[in-house]
Structures are given as C-alpha cells and as structure tokens.
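Just target32.csv here, CSV, C-alpha atoms and all ligand atoms:
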```
chain,number,residue,atom,x,y,z
A,1,MET,CA,89.7,122.5,99.4
A,2,PRO,CA,93.0,122.4,101.3
A,3,THR,CA,96.0,121.4,99.3
A,4,LEU,CA,97.6,118.4,101.0
A,5,LEU,CA,101.0,118.6,99.4
A,6,GLU,CA,101.7,122.3,99.5
A,7,GLY,CA,105.4,123.0,100.0
A,8,LYS,CA,106.4,119.4,99.2
A,9,THR,CA,108.6,118.3,96.3
A,10,ALA,CA,107.8,114.9,94.7
A,11,LEU,CA,109.9,112.8,92.4
A,12,VAL,CA,107.7,110.5,90.3
A,13,LEU,CA,109.3,107.7,88.2
A,14,GLY,CA,107.3,105.8,85.7
A,15,VAL,CA,105.2,108.3,83.6
A,16,ALA,CA,105.2,106.8,80.1
A,17,ASN,CA,102.0,108.3,78.7
A,18,ARG,CA,98.6,109.6,79.8
A,19,TRP,CA,97.4,106.1,80.8
A,20,SER,CA,100.3,105.5,83.2
A,21,LEU,CA,99.3,105.2,86.8
A,22,ALA,CA,102.2,107.6,87.5
A,23,TYR,CA,100.5,110.2,85.3
A,24,ALA,CA,97.3,110.0,87.3
A,25,ILE,CA,99.4,110.3,90.5
A,26,SER,CA,101.3,113.3,89.0
A,27,GLN,CA,98.1,115.0,88.2
A,28,ALA,CA,96.8,114.5,91.8
A,29,PHE,CA,100.1,115.6,93.3
A,30,VAL,CA,100.1,118.9,91.2
A,31,ARG,CA,96.4,119.4,92.2
A,32,GLU,CA,97.5,119.2,95.8
A,33,GLY,CA,100.2,121.8,95.4
A,34,ALA,CA,103.3,119.6,95.1
A,35,LYS,CA,106.3,120.6,93.1
A,36,LEU,CA,106.8,117.8,90.6
A,37,ILE,CA,109.9,116.2,89.2
A,38,LEU,CA,109.5,113.4,86.6
A,39,THR,CA,112.0,111.0,85.2
A,40,TYR,CA,112.1,109.1,81.9
A,41,GLN,CA,114.0,106.0,80.9
A,42,GLY,CA,116.0,107.2,78.0
A,43,ASP,CA,116.2,109.2,74.8
A,44,ARG,CA,113.3,107.2,73.2
A,45,GLN,CA,110.9,108.6,75.9
A,46,LYS,CA,112.5,112.0,76.3
A,47,GLN,CA,110.2,114.0,74.1
A,48,THR,CA,107.0,112.4,75.2
A,49,VAL,CA,107.7,112.8,78.9
A,50,GLU,CA,108.9,116.3,78.4
A,51,GLU,CA,105.6,117.2,76.7
A,52,LEU,CA,103.7,115.5,79.5
A,53,ALA,CA,105.8,117.3,82.1
A,54,ALA,CA,105.0,120.6,80.5
A,55,GLU,CA,101.3,119.7,80.5
A,56,LEU,CA,101.5,118.8,84.2
A,57,LYS,CA,103.5,122.0,84.9
A,58,ALA,CA,106.3,119.8,86.4
A,59,HIS,CA,109.4,121.5,87.5
A,60,GLN,CA,111.6,119.3,85.4
A,61,ALA,CA,112.0,115.9,83.7
A,62,ILE,CA,115.3,114.0,84.1
A,63,ALA,CA,116.6,110.9,82.3
A,64,CYS,CA,116.9,107.9,84.7
A,65,ASP,CA,117.0,104.3,83.6
A,66,VAL,CA,116.6,102.5,87.0
A,67,THR,CA,118.8,99.6,86.0
A,68,GLN,CA,121.8,102.0,85.6
A,69,ASP,CA,123.4,102.9,88.9
A,70,ALA,CA,125.4,105.7,87.3
A,71,GLN,CA,122.2,107.4,86.2
A,72,LEU,CA,120.7,107.1,89.6
A,73,ALA,CA,123.9,108.6,91.1
A,74,ALA,CA,123.7,111.4,88.5
A,75,LEU,CA,120.0,112.0,89.5
A,76,THR,CA,121.0,112.4,93.2
A,77,GLU,CA,123.9,114.6,92.4
A,78,GLY,CA,122.0,116.9,90.0
A,79,LEU,CA,119.2,117.4,92.5
A,80,GLN,CA,121.6,117.9,95.3
A,81,GLN,CA,123.4,120.6,93.3
A,82,GLN,CA,120.1,122.4,92.9
A,83,GLY,CA,119.5,122.2,96.6
A,84,THR,CA,116.4,120.0,96.2
A,85,VAL,CA,114.9,118.5,99.3
A,86,LEU,CA,112.6,115.7,98.3
A,87,ASN,CA,109.5,114.9,100.4
A,88,ALA,CA,107.9,112.2,98.3
A,89,VAL,CA,109.0,109.6,95.8
A,90,VAL,CA,106.8,107.4,93.7
A,91,HIS,CA,108.2,104.3,92.1
A,92,SER,CA,105.8,103.2,89.4
A,93,ILE,CA,108.0,101.0,87.3
A,94,ALA,CA,107.9,97.4,86.2
A,95,PHE,CA,109.0,95.3,83.2
A,96,ALA,CA,109.1,91.7,82.1
A,97,ASN,CA,109.6,90.1,78.7
A,98,ARG,CA,106.3,89.7,76.9
A,99,GLU,CA,106.8,85.9,76.4
A,100,ASP,CA,107.1,85.5,80.2
A,101,LEU,CA,103.6,87.0,80.5
A,102,SER,CA,101.9,84.5,78.2
A,103,ARG,CA,103.5,81.1,78.4
A,104,PRO,CA,103.4,78.7,81.4
A,105,PHE,CA,105.4,80.1,84.4
A,106,LEU,CA,107.3,76.8,84.3
A,107,GLU,CA,108.9,78.0,81.1
A,108,THR,CA,110.4,81.2,82.6
A,109,SER,CA,114.0,81.6,81.6
A,110,ARG,CA,116.8,82.5,84.0
A,111,SER,CA,117.4,85.7,82.2
A,112,GLY,CA,113.7,86.7,82.0
A,113,TYR,CA,113.3,86.0,85.8
A,114,ALA,CA,116.4,88.1,86.6
A,115,LEU,CA,115.3,91.0,84.3
A,116,ALA,CA,111.8,91.2,85.9
A,117,GLN,CA,113.4,91.2,89.4
A,118,ASP,CA,115.9,93.8,88.5
A,119,VAL,CA,113.6,96.3,86.9
A,120,SER,CA,110.5,95.7,89.0
A,121,ALA,CA,111.8,94.9,92.5
A,122,TYR,CA,115.5,95.7,93.0
A,123,SER,CA,115.0,99.1,91.4
A,124,LEU,CA,113.1,100.1,94.5
A,125,VAL,CA,116.2,99.6,96.6
A,126,ALA,CA,118.3,101.5,94.1
A,127,VAL,CA,115.8,104.4,93.9
A,128,ALA,CA,115.3,104.6,97.7
A,129,ARG,CA,119.1,104.7,98.2
A,130,ALA,CA,119.4,107.4,95.6
A,131,ALA,CA,116.5,109.5,97.1
A,132,ALA,CA,117.2,109.1,100.8
A,133,PRO,CA,120.1,111.6,100.9
A,134,LEU,CA,117.7,114.2,99.4
A,135,MET,CA,114.9,113.4,101.9
A,136,THR,CA,116.5,115.4,104.7
A,137,ALA,CA,113.2,116.3,106.2
A,138,GLY,CA,111.8,112.8,106.1
A,139,GLY,CA,109.0,111.9,103.8
A,140,SER,CA,107.4,109.1,101.9
A,141,VAL,CA,108.4,106.5,99.3
A,142,THR,CA,105.5,104.7,97.5
A,143,THR,CA,105.7,101.8,95.1
A,144,LEU,CA,103.0,100.2,93.0
A,145,THR,CA,102.2,96.5,93.3
A,146,TYR,CA,99.5,94.0,92.3
A,147,LEU,CA,97.5,91.1,93.8
A,148,GLY,CA,99.6,88.7,91.7
A,149,SER,CA,102.3,88.9,94.4
A,150,THR,CA,100.3,86.7,96.8
A,151,ARG,CA,97.7,85.0,94.5
A,152,VAL,CA,98.1,83.2,91.3
A,153,VAL,CA,96.8,85.3,88.5
A,154,GLU,CA,96.9,83.7,85.1
A,155,ASN,CA,99.8,84.8,82.9
A,156,TYR,CA,101.0,87.3,85.5
A,157,ASN,CA,103.7,84.7,86.2
A,158,VAL,CA,107.2,86.2,86.6
A,159,MET,CA,105.8,89.6,87.4
A,160,GLY,CA,103.8,88.1,90.4
A,161,VAL,CA,107.1,86.8,91.7
A,162,ALA,CA,108.7,90.2,91.2
A,163,LYS,CA,105.8,91.9,93.0
A,164,ALA,CA,106.3,89.5,96.0
A,165,ALA,CA,109.9,90.5,96.1
A,166,LEU,CA,108.9,94.2,95.7
A,167,GLU,CA,106.6,94.0,98.7
A,168,ALA,CA,109.2,92.4,100.9
A,169,THR,CA,111.7,95.0,99.7
A,170,MET,CA,109.3,97.7,100.7
A,171,ARG,CA,109.1,96.3,104.2
A,172,TYR,CA,112.9,96.0,104.7
A,173,LEU,CA,113.3,99.5,103.4
A,174,ALA,CA,110.6,100.8,105.7
A,175,ASN,CA,112.6,99.4,108.6
A,176,ASP,CA,115.9,100.8,107.4
A,177,LEU,CA,114.5,104.3,106.6
A,178,GLY,CA,112.1,104.6,109.5
A,179,PRO,CA,114.7,106.2,111.8
A,180,SER,CA,115.1,109.0,109.2
A,181,ASN,CA,111.4,109.5,109.3
A,182,ILE,CA,111.1,108.2,105.7
A,183,ARG,CA,108.0,106.0,105.3
A,184,VAL,CA,107.9,103.3,102.6
A,185,ASN,CA,104.6,101.8,101.4
A,186,ALA,CA,103.1,100.0,98.4
A,187,ILE,CA,99.7,100.6,96.8
A,188,SER,CA,98.2,97.4,95.4
A,189,ALA,CA,96.2,98.7,92.5
A,190,GLY,CA,93.4,96.9,90.8
A,191,ALA,CA,93.8,96.1,87.2
A,192,VAL,CA,93.9,99.2,84.9
A,193,LYS,CA,94.5,99.2,81.2
A,194,THR,CA,97.9,100.7,80.7
A,195,ALA,CA,100.8,100.0,78.2
A,196,SER,CA,102.4,97.6,80.7
A,197,ALA,CA,99.2,95.8,81.5
A,198,ARG,CA,98.5,95.2,77.8
A,199,GLY,CA,101.6,93.0,77.7
A,200,ILE,CA,99.8,90.4,79.9
A,201,SER,CA,98.1,87.9,77.8
A,202,GLY,CA,94.3,87.9,78.3
A,203,PHE,CA,94.4,91.2,80.2
A,204,SER,CA,91.1,92.5,78.8
A,205,LYS,CA,89.2,89.4,79.8
A,206,MET,CA,90.7,89.7,83.3
A,207,LEU,CA,89.5,93.3,83.5
A,208,GLU,CA,85.9,92.1,82.7
A,209,LYS,CA,86.0,89.4,85.2
A,210,ALA,CA,87.4,91.6,87.9
A,211,ALA,CA,84.6,94.1,87.4
A,212,GLN,CA,82.1,91.4,87.9
A,213,LEU,CA,83.7,89.9,91.0
A,214,ALA,CA,84.9,92.9,92.9
A,215,PRO,CA,82.6,94.1,95.7
A,216,LEU,CA,82.2,97.5,94.1
A,217,ARG,CA,81.3,95.7,90.8
A,218,ARG,CA,83.6,97.8,88.7
A,219,ASN,CA,87.2,98.3,87.8
A,220,THR,CA,89.7,100.6,89.5
A,221,ASP,CA,89.9,104.2,88.4
A,222,PRO,CA,93.5,105.4,88.2
A,223,ALA,CA,92.4,108.6,90.0
A,224,GLU,CA,91.5,106.4,93.0
A,225,VAL,CA,95.1,105.0,93.1
A,226,ALA,CA,96.4,108.6,92.7
A,227,ASP,CA,94.3,109.9,95.7
A,228,ALA,CA,95.7,107.0,97.8
A,229,ALA,CA,99.2,108.1,96.7
A,230,VAL,CA,98.4,111.6,97.8
A,231,PHE,CA,97.4,110.3,101.3
A,232,LEU,CA,100.6,108.4,101.7
A,233,ALA,CA,102.8,111.3,100.5
A,234,SER,CA,100.9,113.8,102.7
A,235,ASP,CA,101.1,114.4,106.4
A,236,LEU,CA,97.8,112.5,106.7
A,237,GLY,CA,99.8,109.3,106.2
A,238,ARG,CA,102.5,110.2,108.8
A,239,GLY,CA,101.9,107.1,110.9
A,240,VAL,CA,101.7,104.6,108.0
A,241,THR,CA,104.8,102.7,106.9
A,242,GLY,CA,105.6,99.2,105.7
A,243,ASN,CA,102.0,98.7,104.4
A,244,VAL,CA,100.4,97.3,101.3
A,245,LEU,CA,97.3,99.5,100.8
A,246,PHE,CA,94.8,97.9,98.4
A,247,VAL,CA,93.0,100.3,96.0
A,248,ASP,CA,91.2,97.7,93.9
A,249,ALA,CA,87.4,98.0,94.4
A,250,GLY,CA,87.8,95.3,97.1
A,251,MET,CA,89.0,92.6,94.7
A,252,GLN,CA,91.8,91.3,96.9
A,253,MET,CA,89.5,89.8,99.6
A,254,MET,CA,87.3,87.7,97.2
A,255,GLY,CA,87.3,84.0,97.0
A,256,PHE,CA,85.0,81.7,95.1
A,257,THR,CA,81.7,83.1,94.0
A,258,ARG,CA,78.6,81.6,92.3
A,259,ALA,CA,79.6,80.4,88.9
A,260,GLU,CA,78.0,82.5,86.1
B,301,LIG,P1,103.2,102.0,82.4
B,301,LIG,O1,102.5,103.2,82.1
B,301,LIG,O2,103.7,101.2,81.3
B,301,LIG,O3,104.4,102.3,83.4
B,301,LIG,C1,105.5,101.5,83.6
B,301,LIG,C2,106.7,102.4,83.6
B,301,LIG,O4,107.9,101.7,83.9
B,301,LIG,C3,106.9,103.1,82.3
B,301,LIG,O5,107.0,104.5,82.5
B,301,LIG,C4,108.2,102.5,81.9
B,301,LIG,O6,109.0,103.4,81.1
B,301,LIG,C5,108.9,102.3,83.2
B,301,LIG,N1,110.1,101.5,83.1
B,301,LIG,C6,110.3,100.3,82.7
B,301,LIG,N2,111.6,100.0,82.7
B,301,LIG,C7,112.2,101.0,83.2
B,301,LIG,C8,113.6,101.3,83.5
B,301,LIG,N3,114.6,100.4,83.3
B,301,LIG,N4,113.9,102.6,83.9
B,301,LIG,C9,113.0,103.5,84.1
B,301,LIG,N5,111.7,103.3,83.9
B,301,LIG,C10,111.3,102.1,83.4
B,301,LIG,O7,102.2,101.0,83.2
B,301,LIG,P2,101.5,101.1,84.6
B,301,LIG,O8,100.4,100.1,84.6
B,301,LIG,O9,101.2,102.5,84.9
B,301,LIG,O10,102.6,100.6,85.6
B,301,LIG,C11,103.1,101.3,86.7
B,301,LIG,C12,103.3,100.4,88.0
B,301,LIG,O11,102.0,100.0,88.4
B,301,LIG,C13,104.0,99.1,87.7
B,301,LIG,O12,104.8,98.8,88.8
B,301,LIG,C14,102.9,98.1,87.5
B,301,LIG,O13,103.3,96.8,87.8
B,301,LIG,C15,102.0,98.7,88.6
B,301,LIG,N6,100.6,98.2,88.6
B,301,LIG,C16,99.9,98.3,87.5
B,301,LIG,C17,98.6,97.7,87.4
B,301,LIG,C18,97.8,97.8,86.2
B,301,LIG,O14,96.8,97.0,86.1
B,301,LIG,N7,98.1,98.6,85.2
B,301,LIG,C19,98.0,97.2,88.6
B,301,LIG,C20,98.8,97.1,89.7
B,301,LIG,C21,100.1,97.6,89.7
B,301,LIG,P3,109.0,103.2,79.5
B,301,LIG,O15,107.6,102.9,79.0
B,301,LIG,O16,109.6,104.4,79.0
B,301,LIG,O17,109.8,101.9,79.2
```
Can you present the structure in this file as structure tokens?
Amino acid sequence: MPTLLEGKTALVLGVANRWSLAYAISQAFVREGAKLILTYQGDRQKQTVEELAAELKAHQAIACDVTQDAQLAALTEGLQQQGTVLNAVVHSIAFANREDLSRPFLETSRSGYALAQDVSAYSLVAVARAAAPLMTAGGSVTTLTYLGSTRVVENYNVMGVAKAALEATMRYLANDLGPSNIRVNAISAGAVKTASARGISGFSKMLEKAAQLAPLRRNTDPAEVADAAVFLASDLGRGVTGNVLFVDAGMQMMGFTRAE
C-alpha cells in the first residue's frame, strides 16, 4: 500500500490517552509514513503522553497548553530552531466545565461560556498562528467538531456553541491562510466514547440512540475519523479547504424517524 504522508511532518495536539481521537489519528499518520510531533497540556500529562509518543514512535512530545500564548510561542520557536517544516497540524482539543454539560443551557455562567470558547474555539486561531510560520511549504490544518454546532443535542450545551464558533473560525482561517497554500478544515466526528465525551451527561444513552438512527446503523469508529484526517493532511486533499467533513455513519442528515 502506498504511504500517503511519506516525507511529511505532522503536529498533533490533543492526545490524552489511547481513546483520544488524536491517538487514532496519530496511529494512522504514522502508518502512512508521517513524522509525528505530539503535544501535552502540562506536567500532569507529561509522562502519559511521553509513553504514548514512544509507543507511536513519535519524534517528540512537547508541552503546550493552548490557553497560554507564551507556550505556543515557545512551541514555534523550539521547532523553528530545529529547522522543522510542518506539513500537517491536527487540533483535537476541547474543554468545558462538567456542570455546563449537564444542567440547562440557560444556566450557563459567563465564565463557563468564556472558558469553553477559549479552549475549544479560540485555540484554533492561536494554534494556526503558531504553526503557520513553520508551514513554509503549505499544508493542512484540521480540527475536530461535532453536530452539536448546528443542531441541539441534549446536554452538549456550551460545547455546541463553542463548536459553532470553531467551525466559523475554521472558515475564516481557511480564507486567511489559503494564499500560503495552507488548507483548514474540520472533521465532524460521530459520537465516540472518550474521556471528554464521558463528561457529557447521558452520553452512553446518546451513543445507543445514534447507532440505531444512523444510516449505517452503528457508531463511528475512531479509525474512520483518522483515515479522513489522513486524506485531509495528504496531497489527496489538496483541493479541499474551508470544509466540514462528516465522519459519523451518516447521522448528520437524519431527521425524525419512526418512534420505537
Ligand atoms: P480527549 O481524548 O479527552 O481529547 C481532548 C484533548 O483536549 C485532551 O488531550 C485534552 O488534554 C486536550 N486539552 C484540553 N484543554 C487543553 C489545553 N488547555 N491545552 C492543551 N490541550 C488541552 O477527547 P476526544 O473526544 O478525543 O476529543 C478530541 C476532539 O474531538 C475535541 O475537539 C472533541 O470535541 C472532538 N469530538 C469528539 C467527539 C466524541 O464523541 N468523542 C465527537 C466529535 C468531536 P488533557 O486531557 O491533558 O486535559
């Protein structure tokens, strides 16, 4: 099988554990011949992510809390000093307070709203700005989003609003970075049981319902999301920018169905 990312260097942000979508994406990138660089949020995650990086045969793992501009600047500077040219960036990061993913959306606090926006949406601007100077040969920036950006999904609440902002952010960045031949896209993944997803109240029930309703009558496999990320990062995706690509077993197009 040809390797689609041979000779490319990819920066993947958001590997927390083996269940992370970013982990599946990293596995697929390595399978396709990419040189992999991972980041982790801080000291608490350092050991785990370094172990996963070793397992994935990643080139390195670097500390980077995306809410800290100084850490993003240090990431750019460190990679620049090594002479790294980035071809692909994956932003697989989101956070909201647990209480904002269980109570009525109406109860969302100002600080909870701002936090979700900062970590889950603004961080794409900050990451793209940090990465762009390293993408001297052009390339691809991919973020992860969810259907809750455009449809009301129970308890997704403040994260749905952040995903709406993230998708708009993706489009504006695609326009800014297009002249540098940097493409910016989002993958809208179907629900997958990860650490973040478990923070959403009633998530397991939602998974069950999605599997019944989706045209493929099953849930999304992280490996399917990862293969779509390979496509976008590879030259096969060279004409694709500013898109939301759904990898969700078809769930996004469904309306009402026969009541069970
Ligand atoms: P995950 O494994 O928990 O990944 C979320 C990542 O965000 C973690 O690595 C987390 O790091 C990182 N993060 C949070 N705050 C950060 C910060 N300030 N700086 C740097 N990293 C930070 O869960 P996931 O489901 O794979 O989520 C990845 C992306 O996919 C998210 O954008 C999510 O919304 C999206 N998505 C998920 C689903 C799903 O059903 N799972 C569906 C569609 C889209 P720490 O754990 O170290 O804090």
Restricting to all atoms listed in the file, whichever of A:Leu177, A:Leu144, A:Val158, A:Met170 is closest to Val247 in chain A is A:Leu144
Within 12 Å of Gln80 in chain A, counting only C-alpha atoms, which residues qualify if same-chain residues fewer than 6 places away don't, as a PDB file with C-alpha atoms, keeping the file's coordinate frame?
```
ATOM      1  CA  ALA A  73     123.900 108.600  91.100  1.00  0.00           C
ATOM      2  CA  ALA A  74     123.700 111.400  88.500  1.00  0.00           C
ATOM      3  CA  LEU A  86     112.600 115.700  98.300  1.00  0.00           C
ATOM      4  CA  ALA A 130     119.400 107.400  95.600  1.00  0.00           C
ATOM      5  CA  ALA A 131     116.500 109.500  97.100  1.00  0.00           C
ATOM      6  CA  ALA A 132     117.200 109.100 100.800  1.00  0.00           C
ATOM      7  CA  PRO A 133     120.100 111.600 100.900  1.00  0.00           C
ATOM      8  CA  LEU A 134     117.700 114.200  99.400  1.00  0.00           C
ATOM      9  CA  MET A 135     114.900 113.400 101.900  1.00  0.00           C
ATOM     10  CA  THR A 136     116.500 115.400 104.700  1.00  0.00           C
TER      11      THR A 136
END
```
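With distances restricted to all atoms listed in the file, A:Thr169 is the closest residue to Thr143 in chain A from A:Thr108, A:Gln47, A:Thr169, A:Ser26.
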Residues of chain A that approach ligand LIG 301 (chain B) to 8 Å or less, counting all atoms listed in the file: could you list each one with the shortest pair of atoms and its distance in Å to one decimal, rows by chain and increasing residue number, as a Markdown table?
```
| residue | atom | partner | partner_atom | distance |
| --- | --- | --- | --- | --- |
| A:Leu13 | CA | B:LIG301 | N5 | 6.6 |
| A:Gly14 | CA | B:LIG301 | O5 | 3.5 |
| A:Val15 | CA | B:LIG301 | O5 | 4.3 |
| A:Ala16 | CA | B:LIG301 | O5 | 3.8 |
| A:Asn17 | CA | B:LIG301 | O1 | 6.1 |
| A:Arg18 | CA | B:LIG301 | O1 | 7.8 |
| A:Trp19 | CA | B:LIG301 | O1 | 6.0 |
| A:Ser20 | CA | B:LIG301 | O1 | 3.4 |
| A:Leu21 | CA | B:LIG301 | O9 | 3.8 |
| A:Ala22 | CA | B:LIG301 | O9 | 5.8 |
| A:Tyr23 | CA | B:LIG301 | O9 | 7.7 |
| A:Thr39 | CA | B:LIG301 | C9 | 7.6 |
| A:Tyr40 | CA | B:LIG301 | O16 | 6.1 |
| A:Gln41 | CA | B:LIG301 | C9 | 4.2 |
| A:Gly42 | CA | B:LIG301 | O16 | 7.1 |
| A:Arg44 | CA | B:LIG301 | O16 | 7.4 |
| A:Gln45 | CA | B:LIG301 | O16 | 5.4 |
| A:Cys64 | CA | B:LIG301 | C9 | 5.9 |
| A:Asp65 | CA | B:LIG301 | N4 | 3.5 |
| A:Val66 | CA | B:LIG301 | N4 | 4.1 |
| A:Thr67 | CA | B:LIG301 | N3 | 5.1 |
| A:Gln68 | CA | B:LIG301 | N3 | 7.7 |
| A:His91 | CA | B:LIG301 | O12 | 7.3 |
| A:Ser92 | CA | B:LIG301 | C12 | 4.0 |
| A:Ile93 | CA | B:LIG301 | O4 | 3.5 |
| A:Ala94 | CA | B:LIG301 | O12 | 4.3 |
| A:Phe95 | CA | B:LIG301 | C6 | 5.2 |
| A:Val119 | CA | B:LIG301 | N3 | 5.5 |
| A:Ser120 | CA | B:LIG301 | O12 | 6.5 |
| A:Thr143 | CA | B:LIG301 | O12 | 7.0 |
| A:Leu144 | CA | B:LIG301 | O11 | 4.7 |
| A:Thr145 | CA | B:LIG301 | C21 | 4.3 |
| A:Tyr146 | CA | B:LIG301 | C20 | 4.1 |
| A:Leu147 | CA | B:LIG301 | C20 | 7.4 |
| A:Met159 | CA | B:LIG301 | O13 | 7.6 |
| A:Lys163 | CA | B:LIG301 | O13 | 7.6 |
| A:Ile187 | CA | B:LIG301 | C21 | 7.7 |
| A:Ser188 | CA | B:LIG301 | C20 | 5.7 |
| A:Ala189 | CA | B:LIG301 | C20 | 4.1 |
| A:Gly190 | CA | B:LIG301 | C19 | 5.1 |
| A:Ala191 | CA | B:LIG301 | O14 | 3.3 |
| A:Val192 | CA | B:LIG301 | O14 | 3.8 |
| A:Lys193 | CA | B:LIG301 | N7 | 5.4 |
| A:Thr194 | CA | B:LIG301 | O8 | 4.7 |
| A:Ala195 | CA | B:LIG301 | O2 | 4.4 |
| A:Ser196 | CA | B:LIG301 | O2 | 3.9 |
| A:Ala197 | CA | B:LIG301 | N7 | 4.8 |
```
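Using all atoms listed in the file, the smallest distance between any of A:Asn219, A:Thr241, A:Asn157, A:Ser201 and Asp176 in chain A comes from A:Thr241.
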field: Contacts of range 31-36 of chain A at 12 Å (only C-alpha atoms; same-chain gap of 4+ positions) as a PyMOL selection string
entry: chain A and resi 1-13+15+22-27+52-62+84-90+223+226-227+229-231+233-234
What's around range 171-173 of chain A at 8 Å? Count only C-alpha atoms, leave out sequence neighbours fewer than 4 positions away in its own chain, and write the answer as a PyMOL selection string. chain A and resi 125+128+167+177+184-185+242-243
Computed gap from CA of Ala114 in chain A to CA of Ala126 in chain A is 15.5 Å
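Interatomic distance, CA of Ala116 in chain A against CA of Ala162 in chain A: 6.2 Å.
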